[in-house]
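> Coordinates in work.cif, mmCIF, C-alpha atoms, are listed below.
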```cif
data_final
loop_
_atom_site.group_PDB
_atom_site.id
_atom_site.type_symbol
_atom_site.label_atom_id
_atom_site.label_comp_id
_atom_site.auth_asym_id
_atom_site.auth_seq_id
_atom_site.Cartn_x
_atom_site.Cartn_y
_atom_site.Cartn_z
ATOM 1 C CA MET A 1 -43.593 -157.762 19.587
ATOM 2 C CA SER A 2 -41.481 -154.961 18.092
ATOM 3 C CA SER A 3 -37.757 -155.138 17.359
ATOM 4 C CA LYS A 4 -37.159 -153.371 20.678
ATOM 5 C CA TYR A 5 -37.953 -156.597 22.512
ATOM 6 C CA LEU A 6 -36.144 -159.916 22.931
ATOM 7 C CA THR A 7 -37.590 -163.370 23.551
ATOM 8 C CA ILE A 8 -36.832 -165.090 26.824
ATOM 9 C CA LYS A 9 -34.317 -167.367 25.053
ATOM 10 C CA GLN A 10 -32.480 -164.424 23.499
ATOM 11 C CA THR A 11 -32.426 -162.611 26.833
ATOM 12 C CA ALA A 12 -31.060 -165.686 28.617
ATOM 13 C CA GLU A 13 -28.206 -165.918 26.089
ATOM 14 C CA MET A 14 -27.304 -162.253 26.489
ATOM 15 C CA ILE A 15 -27.383 -162.262 30.289
ATOM 16 C CA GLY A 16 -25.815 -165.703 30.679
ATOM 17 C CA VAL A 17 -28.507 -167.516 32.659
ATOM 18 C CA ASP A 18 -31.064 -170.169 31.754
ATOM 19 C CA THR A 19 -34.702 -169.440 30.919
ATOM 20 C CA ASP A 20 -35.948 -170.987 34.179
ATOM 21 C CA THR A 21 -33.904 -168.414 36.096
ATOM 22 C CA LEU A 22 -35.494 -165.592 34.093
ATOM 23 C CA ARG A 23 -38.981 -166.971 34.798
ATOM 24 C CA ARG A 24 -38.161 -167.084 38.509
ATOM 25 C CA TRP A 25 -36.797 -163.524 38.439
ATOM 26 C CA ASP A 26 -39.945 -162.354 36.684
ATOM 27 C CA GLU A 27 -42.195 -164.005 39.264
ATOM 28 C CA ASN A 28 -40.345 -162.574 42.256
ATOM 29 C CA GLY A 29 -39.911 -159.118 40.692
ATOM 30 C CA GLN A 30 -36.112 -159.270 40.423
ATOM 31 C CA PHE A 31 -36.134 -158.745 36.645
ATOM 32 C CA LYS A 32 -39.578 -158.203 35.155
ATOM 33 C CA ALA A 33 -40.727 -159.328 31.713
ATOM 34 C CA THR A 34 -43.417 -157.886 29.469
ATOM 35 C CA ARG A 35 -46.213 -160.264 28.514
ATOM 36 C CA GLY A 36 -47.044 -160.531 24.822
ATOM 37 C CA GLU A 37 -49.245 -162.699 22.657
ATOM 38 C CA ASN A 38 -50.171 -166.049 24.264
ATOM 39 C CA ASN A 39 -48.752 -164.667 27.533
ATOM 40 C CA TYR A 40 -45.155 -165.204 26.344
ATOM 41 C CA ARG A 41 -42.421 -163.286 28.156
ATOM 42 C CA TYR A 42 -40.514 -160.554 26.290
ATOM 43 C CA TYR A 43 -37.772 -158.221 27.474
ATOM 44 C CA ASN A 44 -37.015 -154.651 26.446
ATOM 45 C CA ILE A 45 -33.534 -154.473 24.880
ATOM 46 C CA GLY A 46 -32.708 -151.336 26.849
ATOM 47 C CA ASP A 47 -33.599 -153.068 30.128
ATOM 48 C CA VAL A 48 -31.430 -156.065 29.215
ATOM 49 C CA GLU A 49 -28.434 -153.882 28.339
ATOM 50 C CA LYS A 50 -28.870 -151.895 31.566
ATOM 51 C CA TYR A 51 -29.006 -155.112 33.588
ATOM 52 C CA ILE A 52 -25.780 -156.390 32.003
ATOM 53 C CA LYS A 53 -24.000 -153.078 32.663
ATOM 54 C CA ASN A 54 -25.088 -153.004 36.308
ATOM 55 C CA ASN A 55 -24.357 -156.674 36.970
ATOM 56 C CA PRO A 56 -20.810 -157.396 35.763
ATOM 57 C CA LYS A 57 -19.877 -161.058 35.583
ATOM 58 C CA ASP A 58 -17.167 -163.455 34.615
ATOM 59 C CA LEU A 59 -15.610 -162.319 31.340
ATOM 60 C CA PHE A 60 -14.939 -165.863 30.144
ATOM 61 C CA ARG A 61 -18.576 -166.768 30.681
ATOM 62 C CA MET A 62 -19.651 -163.681 28.749
ATOM 63 C CA ALA A 63 -17.379 -164.601 25.838
ATOM 64 C CA LYS A 64 -18.540 -168.213 25.812
ATOM 65 C CA ASN A 65 -22.221 -167.273 25.921
ATOM 66 C CA TRP A 66 -21.696 -164.990 22.926
ATOM 67 C CA ALA A 67 -19.660 -167.526 20.957
ATOM 68 C CA VAL A 68 -21.998 -170.449 21.644
ATOM 69 C CA GLY A 69 -25.308 -168.574 21.551
ATOM 70 C CA SER A 70 -27.678 -168.508 18.619
ATOM 71 C CA LEU A 71 -28.340 -164.771 18.958
ATOM 72 C CA GLU A 72 -26.436 -162.916 16.227
ATOM 73 C CA THR A 73 -25.593 -159.716 18.112
ATOM 74 C CA VAL A 74 -22.286 -157.973 18.723
ATOM 75 C CA PRO A 75 -20.769 -158.124 22.221
ATOM 76 C CA ASP A 76 -20.702 -155.142 24.563
ATOM 77 C CA LYS A 77 -18.681 -152.392 22.852
ATOM 78 C CA SER A 78 -16.128 -152.478 25.683
ATOM 79 C CA TYR A 79 -15.074 -155.944 24.511
ATOM 80 C CA TYR A 80 -15.901 -155.911 20.799
ATOM 81 C CA CYS A 81 -13.219 -155.541 18.134
ATOM 82 C CA GLN A 82 -15.042 -155.294 14.831
ATOM 83 C CA ASP A 83 -11.840 -155.283 12.799
ATOM 84 C CA SER A 84 -8.123 -155.926 13.222
ATOM 85 C CA TYR A 85 -7.331 -152.217 13.601
ATOM 86 C CA ILE A 86 -9.444 -151.958 16.738
ATOM 87 C CA PHE A 87 -7.944 -155.184 18.047
ATOM 88 C CA GLN A 88 -4.402 -153.936 17.491
ATOM 89 C CA SER A 89 -5.024 -150.667 19.319
ATOM 90 C CA ARG A 90 -6.476 -152.502 22.334
ATOM 91 C CA PHE A 91 -3.750 -155.119 22.127
ATOM 92 C CA ILE A 92 -1.070 -152.402 22.380
ATOM 93 C CA LYS A 93 -2.795 -151.081 25.498
ATOM 94 C CA LEU A 94 -2.753 -154.592 26.991
ATOM 95 C CA GLU A 95 0.982 -154.911 26.267
ATOM 96 C CA GLN A 96 1.633 -151.632 28.050
ATOM 97 C CA GLU A 97 -0.339 -152.744 31.106
ATOM 98 C CA LEU A 98 1.347 -156.156 31.190
ATOM 99 C CA SER A 99 4.788 -154.527 31.107
ATOM 100 C CA LYS A 100 4.017 -152.765 34.403
ATOM 101 C CA ILE A 101 3.325 -155.958 36.385
ATOM 102 C CA GLU A 102 6.475 -156.657 38.389
ATOM 103 C CA ASN A 103 6.482 -160.444 38.719
ATOM 104 C CA ILE A 104 5.882 -161.151 35.020
ATOM 105 C CA LYS A 105 8.479 -158.770 33.574
ATOM 106 C CA ASP A 106 10.587 -161.717 32.378
ATOM 107 C CA PHE A 107 7.833 -163.193 30.238
ATOM 108 C CA PHE A 108 5.103 -160.591 29.681
ATOM 109 C CA SER A 109 6.167 -160.378 26.025
ATOM 110 C CA LEU A 110 5.335 -164.075 25.653
ATOM 111 C CA ILE A 111 1.872 -163.502 27.103
ATOM 112 C CA SER A 112 1.473 -160.815 24.470
ATOM 113 C CA LEU A 113 2.710 -163.208 21.777
ATOM 114 C CA VAL A 114 0.106 -165.844 22.696
ATOM 115 C CA THR A 115 -2.665 -163.242 22.805
ATOM 116 C CA GLY A 116 -1.648 -161.645 19.528
ATOM 117 C CA GLU A 117 -1.393 -164.969 17.675
ATOM 118 C CA ILE A 118 -4.897 -166.023 18.707
ATOM 119 C CA GLY A 119 -6.474 -162.642 18.007
ATOM 120 C CA ASN A 120 -4.779 -162.171 14.651
ATOM 121 C CA ASN A 121 -5.707 -165.715 13.586
ATOM 122 C CA SER A 122 -9.376 -164.851 14.005
ATOM 123 C CA PHE A 123 -9.088 -161.985 11.537
ATOM 124 C CA ASP A 124 -6.605 -163.602 9.146
ATOM 125 C CA HIS A 125 -8.642 -166.753 8.622
ATOM 126 C CA ASN A 126 -12.139 -165.304 8.533
ATOM 127 C CA LEU A 127 -11.552 -162.243 6.375
ATOM 128 C CA GLY A 128 -14.509 -162.017 4.017
ATOM 129 C CA ASN A 129 -15.911 -165.310 5.322
ATOM 130 C CA TRP A 130 -17.483 -164.509 8.692
ATOM 131 C CA PRO A 131 -20.569 -166.776 9.013
ATOM 132 C CA ASP A 132 -22.553 -164.094 10.863
ATOM 133 C CA VAL A 133 -21.036 -161.553 13.296
ATOM 134 C CA PRO A 134 -17.577 -160.298 12.198
ATOM 135 C CA GLY A 135 -14.854 -159.471 14.664
ATOM 136 C CA ILE A 136 -13.865 -160.801 18.071
ATOM 137 C CA PHE A 137 -14.569 -160.570 21.779
ATOM 138 C CA PHE A 138 -11.369 -159.395 23.481
ATOM 139 C CA ALA A 139 -11.223 -158.697 27.207
ATOM 140 C CA TYR A 140 -8.854 -159.074 30.130
ATOM 141 C CA ASP A 141 -8.794 -158.840 33.900
ATOM 142 C CA LEU A 142 -5.239 -158.336 35.100
ATOM 143 C CA LYS A 143 -6.243 -158.742 38.748
ATOM 144 C CA LYS A 144 -7.395 -162.258 37.929
ATOM 145 C CA ARG A 145 -4.444 -162.651 35.548
ATOM 146 C CA GLU A 146 -6.615 -163.731 32.614
ATOM 147 C CA ILE A 147 -7.144 -162.760 28.971
ATOM 148 C CA ILE A 148 -10.157 -163.892 26.926
ATOM 149 C CA LEU A 149 -10.698 -163.990 23.173
ATOM 150 C CA ALA A 150 -13.592 -165.407 21.159
ATOM 151 C CA ASP A 151 -14.972 -165.300 17.639
ATOM 152 C CA ARG A 152 -17.970 -166.632 15.725
ATOM 153 C CA GLY A 153 -15.834 -167.506 12.707
ATOM 154 C CA GLN A 154 -15.378 -170.659 10.644
ATOM 155 C CA GLY A 155 -13.345 -172.542 13.242
ATOM 156 C CA ILE A 156 -10.137 -174.520 12.857
ATOM 157 C CA LEU A 157 -11.600 -177.614 11.193
ATOM 158 C CA THR A 158 -13.079 -175.634 8.306
ATOM 159 C CA THR A 159 -9.853 -173.639 7.945
ATOM 160 C CA LEU A 160 -7.502 -176.634 7.885
ATOM 161 C CA LYS A 161 -9.702 -178.822 5.696
ATOM 162 C CA LYS A 162 -8.806 -176.478 2.844
ATOM 163 C CA VAL A 163 -5.303 -177.928 2.968
ATOM 164 C CA LYS A 164 -5.907 -181.205 4.792
ATOM 165 C CA PRO A 165 -9.253 -182.467 3.437
ATOM 166 C CA GLY A 166 -8.811 -185.761 5.249
ATOM 167 C CA LEU A 167 -9.524 -184.165 8.638
ATOM 168 C CA THR A 168 -12.760 -185.596 10.014
ATOM 169 C CA ASP A 169 -13.468 -183.944 13.360
ATOM 170 C CA HIS A 170 -12.652 -180.935 15.524
ATOM 171 C CA GLN A 171 -10.479 -182.899 17.956
ATOM 172 C CA GLU A 172 -8.187 -184.079 15.168
ATOM 173 C CA ALA A 173 -8.053 -180.599 13.618
ATOM 174 C CA LEU A 174 -7.172 -179.008 16.950
ATOM 175 C CA LYS A 175 -4.334 -181.480 17.508
ATOM 176 C CA VAL A 176 -2.954 -180.845 14.024
ATOM 177 C CA ALA A 177 -3.136 -177.070 14.520
ATOM 178 C CA PHE A 178 -1.091 -177.244 17.724
ATOM 179 C CA THR A 179 1.437 -179.892 16.691
ATOM 180 C CA GLU A 180 2.114 -179.913 12.952
ATOM 181 C CA ILE A 181 4.181 -177.535 10.844
ATOM 182 C CA ILE A 182 2.074 -176.623 7.832
ATOM 183 C CA SER A 183 3.314 -174.761 4.757
ATOM 184 C CA GLY A 184 3.357 -170.988 5.008
ATOM 185 C CA ARG A 185 0.625 -169.867 2.633
ATOM 186 C CA SER A 186 -2.785 -168.773 3.928
ATOM 187 C CA PRO A 187 -4.843 -170.401 5.361
ATOM 188 C CA GLU A 188 -2.217 -172.893 6.527
ATOM 189 C CA SER A 189 -0.450 -170.367 8.758
ATOM 190 C CA ARG A 190 -3.102 -170.843 11.437
ATOM 191 C CA GLY A 191 -1.474 -174.173 12.338
ATOM 192 C CA ASN A 192 1.998 -172.660 12.486
ATOM 193 C CA GLY A 193 0.943 -169.878 14.857
ATOM 194 C CA LEU A 194 -0.759 -172.248 17.268
ATOM 195 C CA LYS A 195 2.291 -174.502 17.311
ATOM 196 C CA VAL A 196 4.345 -171.509 18.483
ATOM 197 C CA ILE A 197 1.802 -170.985 21.268
ATOM 198 C CA LYS A 198 2.249 -174.610 22.381
ATOM 199 C CA GLU A 199 6.016 -174.145 22.589
ATOM 200 C CA VAL A 200 5.696 -170.935 24.603
ATOM 201 C CA ILE A 201 3.243 -172.382 27.140
ATOM 202 C CA SER A 202 5.281 -175.565 27.584
ATOM 203 C CA LYS A 203 8.179 -173.495 28.990
ATOM 204 C CA ASN A 204 6.473 -170.628 30.825
ATOM 205 C CA GLU A 205 4.020 -169.688 33.576
ATOM 206 C CA ILE A 206 1.125 -169.461 31.135
ATOM 207 C CA SER A 207 -1.888 -171.784 30.788
ATOM 208 C CA LEU A 208 -4.464 -172.028 28.023
ATOM 209 C CA ILE A 209 -8.010 -173.258 27.508
ATOM 210 C CA PHE A 210 -8.982 -173.264 23.835
ATOM 211 C CA GLN A 211 -12.203 -174.475 22.218
ATOM 212 C CA THR A 212 -13.274 -174.803 18.594
ATOM 213 C CA GLY A 213 -16.359 -176.710 17.474
ATOM 214 C CA ASP A 214 -16.866 -179.419 20.100
ATOM 215 C CA ALA A 215 -13.140 -179.834 20.820
ATOM 216 C CA LEU A 216 -11.610 -178.470 24.025
ATOM 217 C CA LEU A 217 -7.862 -178.173 24.568
ATOM 218 C CA GLU A 218 -6.210 -177.526 27.921
ATOM 219 C CA MET A 219 -2.538 -176.762 28.488
ATOM 220 C CA GLN A 220 -1.057 -176.304 31.950
ATOM 221 C CA LYS A 221 1.827 -173.984 32.839
ATOM 222 C CA ASN A 222 5.313 -175.292 32.003
ATOM 223 C CA ASN A 223 3.844 -178.453 30.483
ATOM 224 C CA PRO A 224 3.976 -179.530 26.809
ATOM 225 C CA GLU A 225 1.089 -181.997 27.158
ATOM 226 C CA LEU A 226 -2.075 -181.318 25.150
ATOM 227 C CA ASN A 227 -5.274 -182.490 26.802
ATOM 228 C CA ILE A 228 -7.937 -182.530 24.068
ATOM 229 C CA THR A 229 -11.476 -183.685 24.853
ATOM 230 C CA LYS A 230 -14.926 -183.551 23.276
ATOM 231 C CA THR A 231 -17.412 -181.143 24.868
ATOM 232 C CA ASN A 232 -21.205 -180.945 24.968
ATOM 233 C CA ASN A 233 -21.203 -177.279 23.938
ATOM 234 C CA TYR A 234 -20.585 -176.514 20.270
ATOM 235 C CA LEU A 235 -19.294 -173.243 18.869
ATOM 236 C CA GLN A 236 -18.580 -172.570 15.226
ATOM 237 C CA GLY A 237 -15.600 -170.313 15.887
ATOM 238 C CA CYS A 238 -12.923 -170.252 18.613
ATOM 239 C CA LEU A 239 -12.777 -169.399 22.314
ATOM 240 C CA ALA A 240 -9.614 -168.940 24.365
ATOM 241 C CA LEU A 241 -8.768 -168.287 28.016
ATOM 242 C CA ILE A 242 -5.144 -167.379 28.751
ATOM 243 C CA LYS A 243 -4.050 -167.387 32.412
ATOM 244 C CA PHE A 244 -0.698 -166.364 33.858
#
```
Output the file's structure in the form of structure tokens.


Amino acid sequence: MSSKYLTIKQTAEMIGVDTDTLRRWDENGQFKATRGENNYRYYNIGDVEKYIKNNPKDLFRMAKNWAVGSLETVPDKSYYCQDSYIFQSRFIKLEQELSKIENIKDFFSLISLVTGEIGNNSFDHNLGNWPDVPGIFFAYDLKKREIILADRGQGILTTLKKVKPGLTDHQEALKVAFTEIISGRSPESRGNGLKVIKEVISKNEISLIFQTGDALLEMQKNNPELNITKTNNYLQGCLALIKF
């Protein structure tokens, strides 16, 4: 097939469903495929993009599918920050919108701080070293009170091993990043920034889900405890969900 078409696996990753669902949709006419060589299903890229636009879904799921997926494409342009300049302009807009929400006026600046630290870390620690797609997924839904960021970068373990070569897994690296003060030179500053985030969340109405590699961290509002577990899904970069 031509470059205008995607395989069923690629289409499933973009839409955020499994391949069995796509086969079922094809059979019942809900979302038709084109049959190629050996009767394999293929999907026109334009049709896939139109479907995504007309069927909005959970932003966190979209970010996770992009970060975890094997398809090296950029996210929807509404959520894609190719460089730090684009991120900063959209981040300023978010700050302005947060400042208008009445019941978070006392701590909206701290929500901004958490968001900015995570977003800037993605650019600071992957500059010139993006494994495939540069930039980040950055989206928010203020009605749901959530902010989502994701990247397909090197991840925290790779970053911190440059200064702490004894780190052996993503869970250990994630704990170090959120708990230890590391000297100020790049790339060590990633750990310092995430430690600030831990302190902010432990004292405010903000929660965080953060994944890197196969390590998942959860922090509840007004709680300093770090709950770090191993997940079945692996992503090379980072994924964050901030709720307030």

> So what does the PyMOL selection byres ((chain A and resi 216-233) around 7) actually pick up in this one, as a ChimeraX atom specification?

/A:171,198,201-212,214-215,234-235

> Determine the residue membership of the PyMOL selection byres ((chain A and resi 2-11) around 7) for the file above and supply it as a PyMOL selection string.

chain A and resi 1+12-15+19+41-45+71

> Env of segment 193-196 of chain A: 12 Å cut, atoms = only C-alpha atoms, seq-sep filter 6 positions within chain, self excluded. Answer as a CSV table (one decimal) with C-alpha atoms, in the frame of the given file.


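Result file follows (result_26.csv):
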```
chain,number,residue,atom,x,y,z
A,110,LEU,CA,5.3,-164.1,25.7
A,113,LEU,CA,2.7,-163.2,21.8
A,114,VAL,CA,0.1,-165.8,22.7
A,115,THR,CA,-2.7,-163.2,22.8
A,116,GLY,CA,-1.6,-161.6,19.5
A,117,GLU,CA,-1.4,-165.0,17.7
A,118,ILE,CA,-4.9,-166.0,18.7
A,119,GLY,CA,-6.5,-162.6,18.0
A,120,ASN,CA,-4.8,-162.2,14.7
A,121,ASN,CA,-5.7,-165.7,13.6
A,122,SER,CA,-9.4,-164.9,14.0
A,124,ASP,CA,-6.6,-163.6,9.1
A,125,HIS,CA,-8.6,-166.8,8.6
A,156,ILE,CA,-10.1,-174.5,12.9
A,173,ALA,CA,-8.1,-180.6,13.6
A,174,LEU,CA,-7.2,-179.0,17.0
A,175,LYS,CA,-4.3,-181.5,17.5
A,176,VAL,CA,-3.0,-180.8,14.0
A,177,ALA,CA,-3.1,-177.1,14.5
A,178,PHE,CA,-1.1,-177.2,17.7
A,179,THR,CA,1.4,-179.9,16.7
A,180,GLU,CA,2.1,-179.9,13.0
A,181,ILE,CA,4.2,-177.5,10.8
A,182,ILE,CA,2.1,-176.6,7.8
A,183,SER,CA,3.3,-174.8,4.8
A,184,GLY,CA,3.4,-171.0,5.0
A,186,SER,CA,-2.8,-168.8,3.9
A,187,PRO,CA,-4.8,-170.4,5.4
A,202,SER,CA,5.3,-175.6,27.6
A,203,LYS,CA,8.2,-173.5,29.0
A,208,LEU,CA,-4.5,-172.0,28.0
A,210,PHE,CA,-9.0,-173.3,23.8
A,217,LEU,CA,-7.9,-178.2,24.6
A,224,PRO,CA,4.0,-179.5,26.8
A,226,LEU,CA,-2.1,-181.3,25.2
A,240,ALA,CA,-9.6,-168.9,24.4
```

> From the set A:Gly237, A:Gly135, A:Gly16, A:Gly128, which residue has the shortest atom-to-atom contact distance to Leu157 of chain A, counting only C-alpha atoms?

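Using only C-alpha atoms, the shortest distance to Leu157 of chain A belongs to A:Gly237.
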
> Skip Asp83 of chain A itself and residues of its chain fewer than 5 positions away, then list as a list of chain:residue names all residues within 9 Å of it, counting all atoms listed in the file.

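Listing them by chain and then by number gives A:Gln88, A:Phe123, A:Pro134, A:Gly135, A:Ile136.
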
> Looking at A:Asn103, A:Ser89, A:Gln236, A:Thr158, which one is nearest to Trp66 of chain A, with distances taken over all atoms listed in the file?

A:Gln236

> Atom CA of Leu149 of chain A to atom CA of Asp47 of chain A: how many Å, to one decimal?

26.3 Å

> Just the residues within 8 Å of Ile148 of chain A, please, counting all atoms listed in the file, with nothing from its chain fewer than 4 positions along; format it as an mmCIF file with C-alpha atoms, keeping the file's coordinate frame.


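For reference, around-v7.cif as written:
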```
data_model
loop_
_atom_site.group_PDB
_atom_site.id
_atom_site.type_symbol
_atom_site.label_atom_id
_atom_site.label_comp_id
_atom_site.auth_asym_id
_atom_site.auth_seq_id
_atom_site.Cartn_x
_atom_site.Cartn_y
_atom_site.Cartn_z
ATOM 1 C CA LEU A 59 -15.610 -162.319 31.340
ATOM 2 C CA PHE A 60 -14.939 -165.863 30.144
ATOM 3 C CA ALA A 63 -17.379 -164.601 25.838
ATOM 4 C CA PHE A 137 -14.569 -160.570 21.779
ATOM 5 C CA PHE A 138 -11.369 -159.395 23.481
ATOM 6 C CA ALA A 139 -11.223 -158.697 27.207
ATOM 7 C CA TYR A 140 -8.854 -159.074 30.130
ATOM 8 C CA LEU A 239 -12.777 -169.399 22.314
ATOM 9 C CA ALA A 240 -9.614 -168.940 24.365
ATOM 10 C CA LEU A 241 -8.768 -168.287 28.016
ATOM 11 C CA ILE A 242 -5.144 -167.379 28.751
#
```

> Since the input is missing atoms, can you rebuild N, CA and C atoms for segment 53-77 of chain A and write them as an mmCIF file, in the frame of the given file?


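Generated output (result_29.cif):
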```
data_model
loop_
_atom_site.group_PDB
_atom_site.id
_atom_site.type_symbol
_atom_site.label_atom_id
_atom_site.label_comp_id
_atom_site.auth_asym_id
_atom_site.auth_seq_id
_atom_site.Cartn_x
_atom_site.Cartn_y
_atom_site.Cartn_z
ATOM 1 N N LYS A 53 -24.952 -154.118 32.242
ATOM 2 C CA LYS A 53 -24.000 -153.078 32.663
ATOM 3 C C LYS A 53 -23.912 -152.995 34.177
ATOM 4 N N ASN A 54 -25.044 -153.151 34.853
ATOM 5 C CA ASN A 54 -25.088 -153.004 36.308
ATOM 6 C C ASN A 54 -24.784 -154.292 37.064
ATOM 7 N N ASN A 55 -24.625 -155.387 36.332
ATOM 8 C CA ASN A 55 -24.357 -156.674 36.970
ATOM 9 C C ASN A 55 -23.181 -157.360 36.264
ATOM 10 N N PRO A 56 -21.975 -156.815 36.431
ATOM 11 C CA PRO A 56 -20.810 -157.396 35.763
ATOM 12 C C PRO A 56 -20.591 -158.839 36.196
ATOM 13 N N LYS A 57 -20.073 -159.652 35.275
ATOM 14 C CA LYS A 57 -19.877 -161.058 35.583
ATOM 15 C C LYS A 57 -18.575 -161.554 34.987
ATOM 16 N N ASP A 58 -18.362 -162.825 35.102
ATOM 17 C CA ASP A 58 -17.167 -163.455 34.615
ATOM 18 C C ASP A 58 -16.983 -163.222 33.115
ATOM 19 N N LEU A 59 -15.844 -162.667 32.739
ATOM 20 C CA LEU A 59 -15.610 -162.319 31.340
ATOM 21 C C LEU A 59 -15.575 -163.553 30.444
ATOM 22 N N PHE A 60 -14.998 -164.642 30.946
ATOM 23 C CA PHE A 60 -14.939 -165.863 30.144
ATOM 24 C C PHE A 60 -16.343 -166.391 29.871
ATOM 25 N N ARG A 61 -17.194 -166.320 30.867
ATOM 26 C CA ARG A 61 -18.576 -166.768 30.681
ATOM 27 C C ARG A 61 -19.288 -165.891 29.654
ATOM 28 N N MET A 62 -19.055 -164.589 29.721
ATOM 29 C CA MET A 62 -19.651 -163.681 28.749
ATOM 30 C C MET A 62 -19.212 -164.040 27.332
ATOM 31 N N ALA A 63 -17.907 -164.265 27.157
ATOM 32 C CA ALA A 63 -17.379 -164.601 25.838
ATOM 33 C C ALA A 63 -17.953 -165.915 25.336
ATOM 34 N N LYS A 64 -18.029 -166.899 26.215
ATOM 35 C CA LYS A 64 -18.540 -168.213 25.812
ATOM 36 C C LYS A 64 -20.014 -168.135 25.446
ATOM 37 N N ASN A 65 -20.796 -167.418 26.228
ATOM 38 C CA ASN A 65 -22.221 -167.273 25.921
ATOM 39 C C ASN A 65 -22.418 -166.633 24.549
ATOM 40 N N TRP A 66 -21.582 -165.648 24.232
ATOM 41 C CA TRP A 66 -21.696 -164.990 22.926
ATOM 42 C C TRP A 66 -21.270 -165.926 21.796
ATOM 43 N N ALA A 67 -20.174 -166.650 22.006
ATOM 44 C CA ALA A 67 -19.660 -167.526 20.957
ATOM 45 C C ALA A 67 -20.569 -168.721 20.700
ATOM 46 N N VAL A 68 -21.160 -169.259 21.759
ATOM 47 C CA VAL A 68 -21.998 -170.449 21.644
ATOM 48 C C VAL A 68 -23.426 -170.096 21.267
ATOM 49 N N GLY A 69 -23.901 -168.934 21.695
ATOM 50 C CA GLY A 69 -25.308 -168.574 21.551
ATOM 51 C C GLY A 69 -25.782 -168.457 20.116
ATOM 52 N N SER A 70 -27.074 -168.600 19.954
ATOM 53 C CA SER A 70 -27.678 -168.508 18.619
ATOM 54 C C SER A 70 -28.026 -167.071 18.246
ATOM 55 N N LEU A 71 -27.972 -166.161 19.208
ATOM 56 C CA LEU A 71 -28.340 -164.771 18.958
ATOM 57 C C LEU A 71 -27.206 -164.042 18.247
ATOM 58 N N GLU A 72 -27.476 -163.556 17.040
ATOM 59 C CA GLU A 72 -26.436 -162.916 16.227
ATOM 60 C C GLU A 72 -26.342 -161.422 16.538
ATOM 61 N N THR A 73 -25.807 -161.107 17.717
ATOM 62 C CA THR A 73 -25.593 -159.716 18.112
ATOM 63 C C THR A 73 -24.117 -159.502 18.399
ATOM 64 N N VAL A 74 -23.675 -158.261 18.379
ATOM 65 C CA VAL A 74 -22.286 -157.973 18.723
ATOM 66 C C VAL A 74 -22.156 -157.931 20.240
ATOM 67 N N PRO A 75 -20.973 -158.219 20.773
ATOM 68 C CA PRO A 75 -20.769 -158.124 22.221
ATOM 69 C C PRO A 75 -20.842 -156.672 22.686
ATOM 70 N N ASP A 76 -20.805 -156.479 23.988
ATOM 71 C CA ASP A 76 -20.702 -155.142 24.563
ATOM 72 C C ASP A 76 -19.522 -154.419 23.900
ATOM 73 N N LYS A 77 -19.706 -153.149 23.594
ATOM 74 C CA LYS A 77 -18.681 -152.392 22.852
ATOM 75 C C LYS A 77 -17.352 -152.318 23.596
#
```
